[in-house]
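work-v6.tsv follows (TSV, C-alpha atoms):
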chain	number	residue	atom	x	y	z
A	1	MET	CA	127.17	115.16	104.38
A	2	GLY	CA	126.49	117.15	107.48
A	3	ASN	CA	126.01	120.83	106.88
A	4	ASN	CA	122.58	122.33	106.37
A	5	ASN	CA	123.14	122.99	102.66
A	6	ASP	CA	123.71	119.28	102.05
A	7	GLU	CA	120.48	118.44	103.85
A	8	ALA	CA	118.34	121.09	102.07
A	9	GLU	CA	116.72	118.67	99.60
A	10	LEU	CA	116.63	114.95	100.32
A	11	ILE	CA	114.77	112.01	98.90
A	12	GLN	CA	114.48	108.45	100.00
A	13	CYS	CA	114.29	105.63	97.47
A	14	ILE	CA	113.39	102.10	98.56
A	15	TYR	CA	113.61	99.30	96.05
A	16	THR	CA	113.94	95.54	95.83
A	17	SER	CA	115.66	93.29	93.35
A	18	ALA	CA	116.73	89.72	92.83
A	19	GLU	CA	120.21	88.65	91.90
A	20	SER	CA	120.70	87.34	88.39
A	21	ILE	CA	123.94	85.64	89.40
A	22	ASN	CA	124.68	83.75	92.59
A	23	PHE	CA	126.73	86.11	94.76
A	24	SER	CA	129.20	84.50	97.12
A	25	ARG	CA	129.66	86.11	100.53
A	26	ASP	CA	132.99	87.57	99.37
A	27	GLN	CA	131.39	89.03	96.23
A	28	LEU	CA	128.62	90.62	98.31
A	29	LEU	CA	131.12	92.14	100.73
A	30	SER	CA	133.23	93.46	97.86
A	31	LEU	CA	130.15	94.99	96.23
A	32	LEU	CA	129.19	96.55	99.55
A	33	GLU	CA	132.63	98.08	100.13
A	34	ARG	CA	132.61	99.65	96.64
A	35	ALA	CA	129.09	100.96	97.23
A	36	ARG	CA	130.18	102.58	100.48
A	37	VAL	CA	132.98	104.48	98.76
A	38	VAL	CA	130.75	105.63	95.89
A	39	ASN	CA	127.81	106.52	98.16
A	40	SER	CA	129.99	108.52	100.52
A	41	GLY	CA	131.30	110.58	97.61
A	42	LEU	CA	127.74	111.25	96.41
A	43	GLY	CA	126.37	112.15	99.84
A	44	ILE	CA	124.14	109.07	99.84
A	45	THR	CA	123.36	107.05	102.96
A	46	GLY	CA	121.29	103.92	103.25
A	47	MET	CA	121.04	100.24	103.98
A	48	LEU	CA	121.03	96.91	102.21
A	49	LEU	CA	119.35	93.71	103.35
A	50	TYR	CA	120.06	90.42	101.60
A	51	GLU	CA	118.09	87.22	101.95
A	52	ASP	CA	118.35	84.17	99.71
A	53	GLY	CA	119.11	85.99	96.45
A	54	SER	CA	116.83	88.94	97.15
A	55	PHE	CA	117.86	92.53	97.97
A	56	PHE	CA	116.03	95.28	99.87
A	57	GLN	CA	117.79	98.63	99.62
A	58	VAL	CA	117.22	102.14	100.90
A	59	LEU	CA	119.04	105.12	99.39
A	60	GLU	CA	118.85	108.59	100.95
A	61	GLY	CA	120.42	111.78	99.69
A	62	PRO	CA	120.25	114.61	97.16
A	63	PRO	CA	117.56	113.87	94.54
A	64	ASN	CA	119.86	113.95	91.49
A	65	ALA	CA	122.44	111.69	93.14
A	66	VAL	CA	119.87	109.14	94.36
A	67	ARG	CA	118.02	109.02	91.03
A	68	SER	CA	121.27	108.68	89.08
A	69	LEU	CA	122.47	105.84	91.31
A	70	TYR	CA	119.11	104.06	91.09
A	71	LYS	CA	119.23	104.35	87.30
A	72	LYS	CA	122.74	102.84	87.28
A	73	ILE	CA	121.64	99.99	89.57
A	74	SER	CA	118.58	99.37	87.38
A	75	ALA	CA	120.87	98.89	84.37
A	76	ASP	CA	123.21	96.51	86.24
A	77	LYS	CA	122.80	93.02	84.74
A	78	ARG	CA	123.50	91.43	88.13
A	79	HIS	CA	120.01	92.54	89.21
A	80	ARG	CA	116.65	91.45	87.86
A	81	ARG	CA	113.06	92.13	88.85
A	82	ILE	CA	113.96	95.57	90.15
A	83	THR	CA	110.95	97.16	91.81
A	84	LYS	CA	110.90	100.71	93.16
A	85	ILE	CA	108.57	100.71	96.16
A	86	ILE	CA	108.98	104.29	97.39
A	87	GLU	CA	110.58	107.48	96.15
A	88	GLU	CA	109.65	110.46	98.25
A	89	PRO	CA	111.06	113.66	99.72
A	90	VAL	CA	112.19	113.40	103.34
A	91	GLU	CA	112.95	116.15	105.83
A	92	ARG	CA	115.93	114.31	107.30
A	93	ARG	CA	117.85	111.11	106.84
A	94	LEU	CA	116.64	108.06	108.72
A	95	LEU	CA	120.08	106.46	108.36
A	96	PRO	CA	122.48	109.42	108.65
A	97	ASP	CA	125.42	107.41	109.99
A	98	TRP	CA	125.32	104.61	107.44
A	99	SER	CA	127.08	105.04	104.11
A	100	MET	CA	125.56	101.62	103.53
A	101	GLY	CA	124.45	99.56	106.50
A	102	TYR	CA	124.24	95.88	105.64
A	103	SER	CA	122.85	92.63	106.91
A	104	SER	CA	122.26	89.19	105.56
A	105	VAL	CA	118.92	88.23	107.07
A	106	THR	CA	117.31	84.82	107.37
A	107	ARG	CA	113.67	84.21	106.64
A	108	GLU	CA	113.23	83.11	110.26
A	109	GLU	CA	114.52	86.50	111.48
A	110	LEU	CA	112.15	88.30	109.11
A	111	LYS	CA	109.22	86.32	110.52
A	112	GLU	CA	109.95	87.78	113.98
A	113	VAL	CA	109.12	91.37	112.94
A	114	ASP	CA	105.60	92.49	113.84
A	115	GLY	CA	103.70	93.27	110.67
A	116	LEU	CA	106.03	91.15	108.55
A	117	ASN	CA	105.65	87.75	110.14
A	118	ASP	CA	102.55	86.75	108.15
A	119	PHE	CA	104.12	88.07	104.94
A	120	PHE	CA	107.31	86.01	105.15
A	121	GLN	CA	105.55	82.93	106.55
A	122	LYS	CA	103.71	82.78	103.22
A	123	GLY	CA	107.07	82.43	101.46
A	124	LYS	CA	107.07	85.86	99.87
A	125	CYS	CA	110.27	87.73	99.08
A	126	TYR	CA	111.38	91.36	99.25
A	127	ALA	CA	110.14	91.97	95.71
A	128	ASP	CA	106.56	91.45	96.91
A	129	LEU	CA	106.71	94.10	99.66
A	130	ASP	CA	104.28	97.00	99.62
A	131	GLU	CA	105.08	100.50	100.92
A	132	CYS	CA	103.76	99.84	104.43
A	133	ARG	CA	105.75	96.64	104.93
A	134	ALA	CA	108.85	98.24	103.39
A	135	LYS	CA	108.69	100.95	106.04
A	136	LYS	CA	108.25	98.34	108.80
A	137	LEU	CA	111.37	96.56	107.55
A	138	LEU	CA	113.29	99.85	107.43
A	139	ASP	CA	112.19	100.68	111.00
A	140	ALA	CA	113.32	97.27	112.25
A	141	PHE	CA	116.76	97.81	110.70
A	142	LYS	CA	116.99	101.39	111.97
A	143	ASP	CA	116.11	100.27	115.49
A	144	GLY	CA	119.12	97.95	115.57
A	145	ARG	CA	117.80	94.65	114.32
A	146	TRP	CA	120.32	92.88	112.06
A	147	ARG	CA	122.69	95.83	111.57
A	148	ALA	CA	126.21	94.75	110.77
A	149	SER	CA	129.29	96.84	110.23
A	150	LEU	CA	132.02	95.60	107.95
A	151	GLY	CA	134.67	98.06	109.00

What does this structure look like when you write it as structure tokens?
Amino acid sequence: MGNNNDEAELIQCIYTSAESINFSRDQLLSLLERARVVNSGLGITGMLLYEDGSFFQVLEGPPNAVRSLYKKISADKRHRRITKIIEEPVERRLLPDWSMGYSSVTREELKEVDGLNDFFQKGKCYADLDECRAKKLLDAFKDGRWRASLG
């Protein structure tokens, strides 16, 4: 993940989904740790936000690797209502140091983000985000809001 050849072609995929099973905190952390190992091996970086059964995820990396992982996630029965919001080429990674940054976010915390406060006050979930709001959420995470490291 760091030499210029690895960074030659990159895409970013942002999607949302809802859990089809109720994940416990331990199950979420276990899933996250496995994802970090897999993503690191594929040259994929990104982030995952979780709020009340809803996921917001960003994947960045080589196009084939990102598309293959998204396809695998889409087929995972633990997810439902999977919605791809953005898939686009990027010149550089926005989250280069995160094999998978993670945070469990409360609705109250989401309401504090400019440009998202009206959205979440209306009771909407990640699955209802549009491209503009998805990028605002990504920027808030990238700028340090909610980031958590699990080792």

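Closest approach to Arg25 in chain A among A:Tyr50, A:Val90, A:Ala65, A:Arg81 is made by A:Tyr50 (distances from all atoms listed in the file).
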
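Closest approach to Pro96 in chain A among A:Thr45, A:Ser74, A:Asn22, A:Ser54 is made by A:Thr45 (distances from all atoms listed in the file).
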
When distances are computed from all atoms listed in the file, which of A:Glu33, A:Glu112, A:Glu91, A:Glu19 shows the smallest separation from Glu51 in chain A? A:Glu19

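Near range 56-59 of chain A, within a cut-off of 8 Å and counting only C-alpha atoms, sit the residues Gln12, Cys13, Ile14, Tyr15, Thr16, Ser17, Ile44, Thr45, Gly46, Met47, Leu48, Leu49, Tyr50, Val66, Tyr126, Ala127 and Leu138 of chain A, with same-chain residues fewer than 5 positions away left out.
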
Pick from A:Glu87, A:Met100, A:Leu95, A:Asn64 nearest to Val38 in chain A, counting only C-alpha atoms: A:Met100

Computed interatomic separation between CA of Asp130 in chain A and CA of Ile85 in chain A (Å): 6.6 Å

If you measure from CA of Asp26 in chain A to CA of Lys136 in chain A, what distance in Å do you get, rounded to one decimal? 28.6 Å

To one decimal in Å, tell me the separation between CA of Phe23 in chain A and CA of Cys132 in chain A. 28.5 Å

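Minimum distance to Ile86 in chain A across A:Glu60, A:Asp139, A:Glu9, A:Asp52 (counting all atoms listed in the file) occurs at A:Glu60.
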
Missing atoms in range 48-72 of chain A need filling: write out N, CA and C atoms for it as a PDB file, in the frame of the given file.
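As written to disk, out05.pdb reads:
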ATOM      1  N   LEU A  48     121.257  98.016 103.119  1.00  0.00           N
ATOM      2  CA  LEU A  48     121.030  96.910 102.210  1.00  0.00           C
ATOM      3  C   LEU A  48     120.762  95.662 103.033  1.00  0.00           C
ATOM      4  N   LEU A  49     119.643  95.005 102.760  1.00  0.00           N
ATOM      5  CA  LEU A  49     119.350  93.710 103.350  1.00  0.00           C
ATOM      6  C   LEU A  49     119.413  92.671 102.239  1.00  0.00           C
ATOM      7  N   TYR A  50     119.941  91.497 102.574  1.00  0.00           N
ATOM      8  CA  TYR A  50     120.060  90.420 101.600  1.00  0.00           C
ATOM      9  C   TYR A  50     119.505  89.151 102.221  1.00  0.00           C
ATOM     10  N   GLU A  51     118.646  88.476 101.479  1.00  0.00           N
ATOM     11  CA  GLU A  51     118.090  87.220 101.950  1.00  0.00           C
ATOM     12  C   GLU A  51     117.837  86.311 100.756  1.00  0.00           C
ATOM     13  N   ASP A  52     118.579  85.230 100.694  1.00  0.00           N
ATOM     14  CA  ASP A  52     118.350  84.170  99.710  1.00  0.00           C
ATOM     15  C   ASP A  52     118.169  84.696  98.282  1.00  0.00           C
ATOM     16  N   GLY A  53     119.138  85.502  97.824  1.00  0.00           N
ATOM     17  CA  GLY A  53     119.110  85.990  96.450  1.00  0.00           C
ATOM     18  C   GLY A  53     118.267  87.219  96.206  1.00  0.00           C
ATOM     19  N   SER A  54     117.728  87.792  97.267  1.00  0.00           N
ATOM     20  CA  SER A  54     116.830  88.940  97.150  1.00  0.00           C
ATOM     21  C   SER A  54     117.406  90.116  97.940  1.00  0.00           C
ATOM     22  N   PHE A  55     117.337  91.317  97.348  1.00  0.00           N
ATOM     23  CA  PHE A  55     117.860  92.530  97.970  1.00  0.00           C
ATOM     24  C   PHE A  55     116.728  93.481  98.322  1.00  0.00           C
ATOM     25  N   PHE A  56     116.901  94.169  99.447  1.00  0.00           N
ATOM     26  CA  PHE A  56     116.030  95.280  99.870  1.00  0.00           C
ATOM     27  C   PHE A  56     116.990  96.420 100.159  1.00  0.00           C
ATOM     28  N   GLN A  57     116.844  97.537  99.442  1.00  0.00           N
ATOM     29  CA  GLN A  57     117.790  98.630  99.620  1.00  0.00           C
ATOM     30  C   GLN A  57     117.075  99.957  99.793  1.00  0.00           C
ATOM     31  N   VAL A  58     117.670 100.777 100.667  1.00  0.00           N
ATOM     32  CA  VAL A  58     117.220 102.140 100.900  1.00  0.00           C
ATOM     33  C   VAL A  58     118.363 103.071 100.552  1.00  0.00           C
ATOM     34  N   LEU A  59     118.076 104.084  99.742  1.00  0.00           N
ATOM     35  CA  LEU A  59     119.040 105.120  99.390  1.00  0.00           C
ATOM     36  C   LEU A  59     118.465 106.457  99.830  1.00  0.00           C
ATOM     37  N   GLU A  60     119.274 107.268 100.511  1.00  0.00           N
ATOM     38  CA  GLU A  60     118.850 108.590 100.950  1.00  0.00           C
ATOM     39  C   GLU A  60     119.901 109.605 100.547  1.00  0.00           C
ATOM     40  N   GLY A  61     119.460 110.746 100.044  1.00  0.00           N
ATOM     41  CA  GLY A  61     120.420 111.780  99.690  1.00  0.00           C
ATOM     42  C   GLY A  61     119.832 112.797  98.748  1.00  0.00           C
ATOM     43  N   PRO A  62     120.711 113.599  98.123  1.00  0.00           N
ATOM     44  CA  PRO A  62     120.250 114.610  97.160  1.00  0.00           C
ATOM     45  C   PRO A  62     119.502 113.930  96.009  1.00  0.00           C
ATOM     46  N   PRO A  63     118.385 114.513  95.573  1.00  0.00           N
ATOM     47  CA  PRO A  63     117.560 113.870  94.540  1.00  0.00           C
ATOM     48  C   PRO A  63     118.328 113.436  93.293  1.00  0.00           C
ATOM     49  N   ASN A  64     119.139 114.312  92.722  1.00  0.00           N
ATOM     50  CA  ASN A  64     119.860 113.950  91.490  1.00  0.00           C
ATOM     51  C   ASN A  64     120.799 112.778  91.714  1.00  0.00           C
ATOM     52  N   ALA A  65     121.489 112.767  92.853  1.00  0.00           N
ATOM     53  CA  ALA A  65     122.440 111.690  93.140  1.00  0.00           C
ATOM     54  C   ALA A  65     121.712 110.362  93.342  1.00  0.00           C
ATOM     55  N   VAL A  66     120.621 110.375  94.100  1.00  0.00           N
ATOM     56  CA  VAL A  66     119.870 109.140  94.360  1.00  0.00           C
ATOM     57  C   VAL A  66     119.267 108.605  93.066  1.00  0.00           C
ATOM     58  N   ARG A  67     118.645 109.474  92.283  1.00  0.00           N
ATOM     59  CA  ARG A  67     118.020 109.020  91.030  1.00  0.00           C
ATOM     60  C   ARG A  67     119.058 108.493  90.047  1.00  0.00           C
ATOM     61  N   SER A  68     120.206 109.134  89.976  1.00  0.00           N
ATOM     62  CA  SER A  68     121.270 108.680  89.080  1.00  0.00           C
ATOM     63  C   SER A  68     121.797 107.314  89.515  1.00  0.00           C
ATOM     64  N   LEU A  69     121.992 107.133  90.815  1.00  0.00           N
ATOM     65  CA  LEU A  69     122.470 105.840  91.310  1.00  0.00           C
ATOM     66  C   LEU A  69     121.432 104.753  91.080  1.00  0.00           C
ATOM     67  N   TYR A  70     120.162 105.056  91.322  1.00  0.00           N
ATOM     68  CA  TYR A  70     119.110 104.060  91.090  1.00  0.00           C
ATOM     69  C   TYR A  70     119.069 103.661  89.612  1.00  0.00           C
ATOM     70  N   LYS A  71     119.227 104.631  88.731  1.00  0.00           N
ATOM     71  CA  LYS A  71     119.230 104.350  87.300  1.00  0.00           C
ATOM     72  C   LYS A  71     120.398 103.422  86.934  1.00  0.00           C
ATOM     73  N   LYS A  72     121.555 103.678  87.525  1.00  0.00           N
ATOM     74  CA  LYS A  72     122.740 102.840  87.280  1.00  0.00           C
ATOM     75  C   LYS A  72     122.504 101.415  87.809  1.00  0.00           C
TER      76      LYS A  72
END
